[in-house]
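Inspection log for the structure reproduced underneath, given as structure tokens.
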Amino acid sequence: QGIENATGTGKTLYSGTVGLNTTQSGSTYQLTDSTRGGHKTYNLARRTSGTGTLVASSNDVFGTGTASSSSSDQTAAADAAYGAQETWDFYKNTFGRNGIKNNGVGAYSRVHYGSSYVNAFWDDSCFCMTYGDGSGNVDPLTSLDVAGHEMSHGVTSNTAGLDYSGESGGLNEATSDIMGTGVEFYANNASDKGDYLIGEKININGDGTPLRYMDQPSKDGASADYWSSDVGDLDVHYSSGVANHFFYLLSEGSGAKTINGVSYDSPTYDGSTVTGISRAKALQIWYKALTEYFTSTTDYAAARQGTLQAAADLYGSASDEYNAVAAAWSAVNVN
Ligand code: ASN
Ligand code: ZN
Ligand code: CA
């Protein structure tokens with residue numbers, strides 16, 4: 001009996017009912033996506049080590065669309081498989097990148113990690129992605145922007161290799177927020193439209209507010225809106241604010257704006273007005289800088305130079321895009 005490709009259905013928690021590529025072996029369908037580097041989705045069933053069990057179904061339908069930490073639940077697996085699929089497609093169709101290592105090889109994902117685990121993480125050593133179920137009011141960590149964020153840590157590791165501390169650590173974290181946001185907009189899912197918020201679906205704070213805000217990072221109570229000489233002393237999830245804010249300003253511009261029903265208001269350090277060049281162009285500039293100019297020790301000053309070089313390569317050094325990169329960095333006090 002051979003293994004054939006099939007097209008199944010995921011009933012996700014966050015993204016509605018979605019198509020998922022599966023494989024069929026006899027009367028069993030498995031969550032393996034042969035069209036995207038063989039990505040597989042496993043169930044850890046609350047364990048914290050090992051690969052877990054490849055998620056399987058007799059009718060090619062995965063999940064119920066309802067949150068559950070039950071060890072047999074397949075909804076989390078459906079969300080994880082969808083997140084891996086959209087992240088793969090985003091990198092392929094936006095940048096021509098063929099997987100996290102750009103070698104056509106898919107990672108794998110693990111759901112139901114541990115008990116009441118409120119996090120998700122990428123691990124370079126297993127080349128795998130892991131999701132907790134959340135705890136109490138915090139929902140499973142399997143939302144699209146979280147998936148894109150975490151898997152983008154793998155891309156950063158395999159390209160710039162930004163050290164995960166100091167200013168380079170903030171740039172590493174911001175890269176994941178930027179690309180995770182890119183994934184969310186790319187998927188354009190009716191149940192999870194793109195926004196410049198991180199983790200808005202998972203109720204991480206218990207009051208419905210998101211984990212991070214790219215238009216004005218300080219709205220989370222801890223992130224930096226602007227560069228200062230001690231910004232590198234902050235936790236990397238807070239020093240990232242400077243680059244997240246840069247990316248928002250470069251994409252959308254300063255001031256008030258509503259996108260997909262979400263209102264933003266992005267201030268500038270010096271009160272200057274920044275005109276956005278579109279998220280699509282900002283993503284191309286960031287990706288080129290990440291993959292060609294950033295190194296393990298890139299700090300904010302070097303990120304300004306690297307993104308300016310990328311903008312010059314893509315659009316010319318006399319272009320509006322080049323000037324907007326300079327203006328957006330100045331607007332977050334990176335000169
Ligand atoms: N969710 C966290 C992050 O991506 C996991 C970690 O601490 N690396 O930043
Ligand atoms: Zn991260
Ligand atoms: Ca989001």
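If you're wondering about the labels, chains in the structure tokens are A, B, ... by order shown, residues count from 1 in each chain, ligands from 1 in order shown.
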List the spatial neighbours of Gly2 (chain A) as a count of residues only - criterion: any atom at most 8 Å away, only C-alpha atoms, same-chain residues fewer than 2 positions off excluded.
3
Go through chain A and flag each residue having an atom no more than 10 Å from ligand 1; for those, report the closest pair of atoms plus their distance in Å to one decimal, using only C-alpha atoms and all ligand atoms, ordered by chain and rising number, as JSON lines.
```
{"residue": "A:Val118", "atom": "CA", "partner": "ligand 1", "partner_atom_place_in_ligand_line": "1 (N)", "distance": 8.9}
{"residue": "A:Asn119", "atom": "CA", "partner": "ligand 1", "partner_atom_place_in_ligand_line": "1 (N)", "distance": 5.4}
{"residue": "A:Ala120", "atom": "CA", "partner": "ligand 1", "partner_atom_place_in_ligand_line": "1 (N)", "distance": 4.9}
{"residue": "A:Phe121", "atom": "CA", "partner": "ligand 1", "partner_atom_place_in_ligand_line": "5 (C)", "distance": 4.6}
{"residue": "A:Trp122", "atom": "CA", "partner": "ligand 1", "partner_atom_place_in_ligand_line": "4 (O)", "distance": 7.0}
{"residue": "A:Asp123", "atom": "CA", "partner": "ligand 1", "partner_atom_place_in_ligand_line": "8 (N)", "distance": 8.6}
{"residue": "A:Thr130", "atom": "CA", "partner": "ligand 1", "partner_atom_place_in_ligand_line": "1 (N)", "distance": 9.7}
{"residue": "A:Tyr131", "atom": "CA", "partner": "ligand 1", "partner_atom_place_in_ligand_line": "1 (N)", "distance": 9.2}
{"residue": "A:Leu141", "atom": "CA", "partner": "ligand 1", "partner_atom_place_in_ligand_line": "1 (N)", "distance": 9.1}
{"residue": "A:Val146", "atom": "CA", "partner": "ligand 1", "partner_atom_place_in_ligand_line": "1 (N)", "distance": 7.8}
{"residue": "A:Ala147", "atom": "CA", "partner": "ligand 1", "partner_atom_place_in_ligand_line": "4 (O)", "distance": 9.4}
{"residue": "A:Gly148", "atom": "CA", "partner": "ligand 1", "partner_atom_place_in_ligand_line": "4 (O)", "distance": 9.9}
{"residue": "A:His149", "atom": "CA", "partner": "ligand 1", "partner_atom_place_in_ligand_line": "4 (O)", "distance": 6.6}
{"residue": "A:Glu150", "atom": "CA", "partner": "ligand 1", "partner_atom_place_in_ligand_line": "4 (O)", "distance": 5.2}
{"residue": "A:Met151", "atom": "CA", "partner": "ligand 1", "partner_atom_place_in_ligand_line": "4 (O)", "distance": 8.7}
{"residue": "A:Ser152", "atom": "CA", "partner": "ligand 1", "partner_atom_place_in_ligand_line": "4 (O)", "distance": 9.0}
{"residue": "A:His153", "atom": "CA", "partner": "ligand 1", "partner_atom_place_in_ligand_line": "4 (O)", "distance": 7.2}
{"residue": "A:Tyr164", "atom": "CA", "partner": "ligand 1", "partner_atom_place_in_ligand_line": "8 (N)", "distance": 8.7}
{"residue": "A:Gly169", "atom": "CA", "partner": "ligand 1", "partner_atom_place_in_ligand_line": "9 (O)", "distance": 9.8}
{"residue": "A:Asn172", "atom": "CA", "partner": "ligand 1", "partner_atom_place_in_ligand_line": "9 (O)", "distance": 9.0}
{"residue": "A:Glu173", "atom": "CA", "partner": "ligand 1", "partner_atom_place_in_ligand_line": "9 (O)", "distance": 6.4}
{"residue": "A:Ala174", "atom": "CA", "partner": "ligand 1", "partner_atom_place_in_ligand_line": "9 (O)", "distance": 9.6}
{"residue": "A:Ser176", "atom": "CA", "partner": "ligand 1", "partner_atom_place_in_ligand_line": "4 (O)", "distance": 7.5}
{"residue": "A:Asp177", "atom": "CA", "partner": "ligand 1", "partner_atom_place_in_ligand_line": "4 (O)", "distance": 9.0}
{"residue": "A:Val236", "atom": "CA", "partner": "ligand 1", "partner_atom_place_in_ligand_line": "9 (O)", "distance": 8.0}
{"residue": "A:His237", "atom": "CA", "partner": "ligand 1", "partner_atom_place_in_ligand_line": "9 (O)", "distance": 6.6}
```
Please identify all polymer residues within 6 Å of Tyr42 (chain A), counting only C-alpha atoms, omitting same-chain residues fewer than 5 positions from it, and present them as an NGL selection string.
:A and (52-55 or 110)
With C-alpha atoms retained, export the selected residues as an mmCIF file, in the first residue's frame.
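Okay, result23.cif is ready:
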```
data_model
loop_
_atom_site.group_PDB
_atom_site.id
_atom_site.type_symbol
_atom_site.label_atom_id
_atom_site.label_comp_id
_atom_site.auth_asym_id
_atom_site.auth_seq_id
_atom_site.Cartn_x
_atom_site.Cartn_y
_atom_site.Cartn_z
ATOM 1 C CA GLY A 52 5.166 12.981 19.747
ATOM 2 C CA THR A 53 2.669 11.216 17.506
ATOM 3 C CA LEU A 54 2.030 12.197 13.897
ATOM 4 C CA VAL A 55 -1.534 13.554 13.829
ATOM 5 C CA ARG A 110 4.487 19.915 17.885
#
```
Contacts of Gly180 (chain A) within 12 Å, only C-alpha atoms, excl. fewer than 2 positions in-chain, as a PyMOL selection string
chain A and resi 83-84+86-88+90-91+143-153+155+173-178+182-187+194-199+214+244+283
Export C-alpha atoms of the chosen residues as a compact mmCIF listing (two decimals), in the first residue's frame?
```txt
# COMPACT_ATOMS: atom_id res chain seq x y z
CA GLY A 83 0.42 28.37 10.38
CA ALA A 84 3.26 26.33 8.89
CA GLU A 86 0.94 30.06 5.41
CA THR A 87 4.45 30.82 6.70
CA TRP A 88 5.96 28.58 3.99
CA PHE A 90 4.56 33.76 2.58
CA TYR A 91 8.33 33.27 2.34
CA SER A 143 -2.39 31.82 16.24
CA LEU A 144 -1.06 32.76 12.81
CA ASP A 145 1.15 35.67 13.90
CA VAL A 146 2.68 33.60 16.69
CA ALA A 147 3.41 30.79 14.21
CA GLY A 148 4.98 33.22 11.77
CA HIS A 149 6.93 34.92 14.56
CA GLU A 150 8.41 31.72 15.93
CA MET A 151 9.30 30.12 12.61
CA SER A 152 10.94 33.38 11.56
CA HIS A 153 13.41 32.86 14.42
CA VAL A 155 15.02 32.17 9.28
CA GLU A 173 12.77 39.78 18.05
CA ALA A 174 11.54 42.59 15.79
CA THR A 175 12.36 40.51 12.71
CA SER A 176 10.03 37.83 14.05
CA ASP A 177 7.27 40.35 14.78
CA ILE A 178 7.70 41.95 11.33
CA GLY A 182 3.73 39.68 7.14
CA VAL A 183 2.39 36.12 7.39
CA GLU A 184 -0.87 37.29 8.95
CA PHE A 185 -1.50 39.87 6.20
CA TYR A 186 -0.40 37.38 3.52
CA ALA A 187 -2.90 34.72 4.68
CA GLY A 194 -3.84 41.28 9.12
CA ASP A 195 -2.94 43.83 11.78
CA TYR A 196 0.11 45.45 13.36
CA LEU A 197 -0.58 43.79 16.71
CA ILE A 198 1.17 40.66 17.97
CA GLY A 199 -0.78 37.92 19.75
CA MET A 214 3.91 47.93 16.40
CA ASN A 244 8.77 47.36 15.15
CA LEU A 283 9.07 43.81 3.87
```
Two-atom distance - CA of Thr181 (chain A), CA of Met129 (chain A) (Å)
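CA of Thr181 (chain A) sits 17.5 Å away from CA of Met129 (chain A).
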Check the DSSP output for the backbone and give back, as a PyMOL selection string, the residues of region 124-219 of chain A in helix (DSSP H, G or I).
chain A and resi 144-157+166-187+217-219
Can you work out which one of A:Leu211, A:Leu314, A:Ala160, A:Ala222 has the shortest atom-to-atom distance to ligand 3, counting only C-alpha atoms and all ligand atoms?
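That would be A:Leu211, the residue with the smallest distance to ligand 3.
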In Å, with one decimal, what is the gap from CA of Tyr29 (chain A) to CA of Ala56 (chain A)?
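Result for CA of Tyr29 (chain A) versus CA of Ala56 (chain A): 5.5 Å, one decimal.
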Write out as a PyMOL selection string which residues come within 9 Å of Arg304 (chain A) when counting only C-alpha atoms, dropping same-chain ones fewer than 2 positions away.
chain A and resi 299-302+306-309+325-326+329+334-335
Selection above as a file: C-alpha atoms, as a CSV table (one decimal), in the first residue's frame:
```
chain,number,residue,atom,x,y,z
A,299,ASP,CA,22.9,47.1,16.4
A,300,TYR,CA,20.4,49.8,15.6
A,301,ALA,CA,22.9,52.1,14.0
A,302,ALA,CA,24.0,49.3,11.7
A,306,GLY,CA,21.8,47.9,6.3
A,307,THR,CA,18.2,48.8,5.4
A,308,LEU,CA,19.4,52.0,3.6
A,309,GLN,CA,21.8,49.8,1.5
A,325,VAL,CA,13.9,54.5,5.3
A,326,ALA,CA,16.1,57.3,6.5
A,329,TRP,CA,14.7,55.5,11.4
A,334,VAL,CA,18.1,56.0,15.1
A,335,ASN,CA,20.5,58.4,13.3
```
Take CA of Lys201 (chain A) and CA of Tyr82 (chain A) and report the distance between them in Å, one decimal.
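Computing the Euclidean distance for CA of Lys201 (chain A) and CA of Tyr82 (chain A) yields 15.2 Å.
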Find the residue from A:Val61, A:Leu171, A:Leu31, A:Val242 that sits nearest to ligand 2; use only C-alpha atoms and all ligand atoms when measuring.
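Smallest distance to ligand 2 is found for A:Leu171.
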Can you list, as number ranges by chain, all residues belonging to region 13-261 of chain A that DSSP tags as strand (DSSP E or B)?
A: 17-25, 28-30, 32-33, 39-43, 53-54, 56-57, 61-62, 108-111, 120-123, 128-131, 189, 192, 197-198, 212-213, 255-259
Would you list the contacts of Gly276 (chain A) as a PyMOL selection string, taking every protein, DNA or RNA residue within 10 Å and counting only C-alpha atoms, but skipping same-chain residues closer than 5 positions in sequence?
chain A and resi 247-254+281-282+320-321+324-325+327-328
Could you pull the residues within 9 Å of Thr64 (chain A), counting only C-alpha atoms, minus those fewer than 4 positions along the same chain, as a list in words?
Gly10, Lys11, Thr12, Leu13, Asp73, Gln74 and Thr75 of chain A
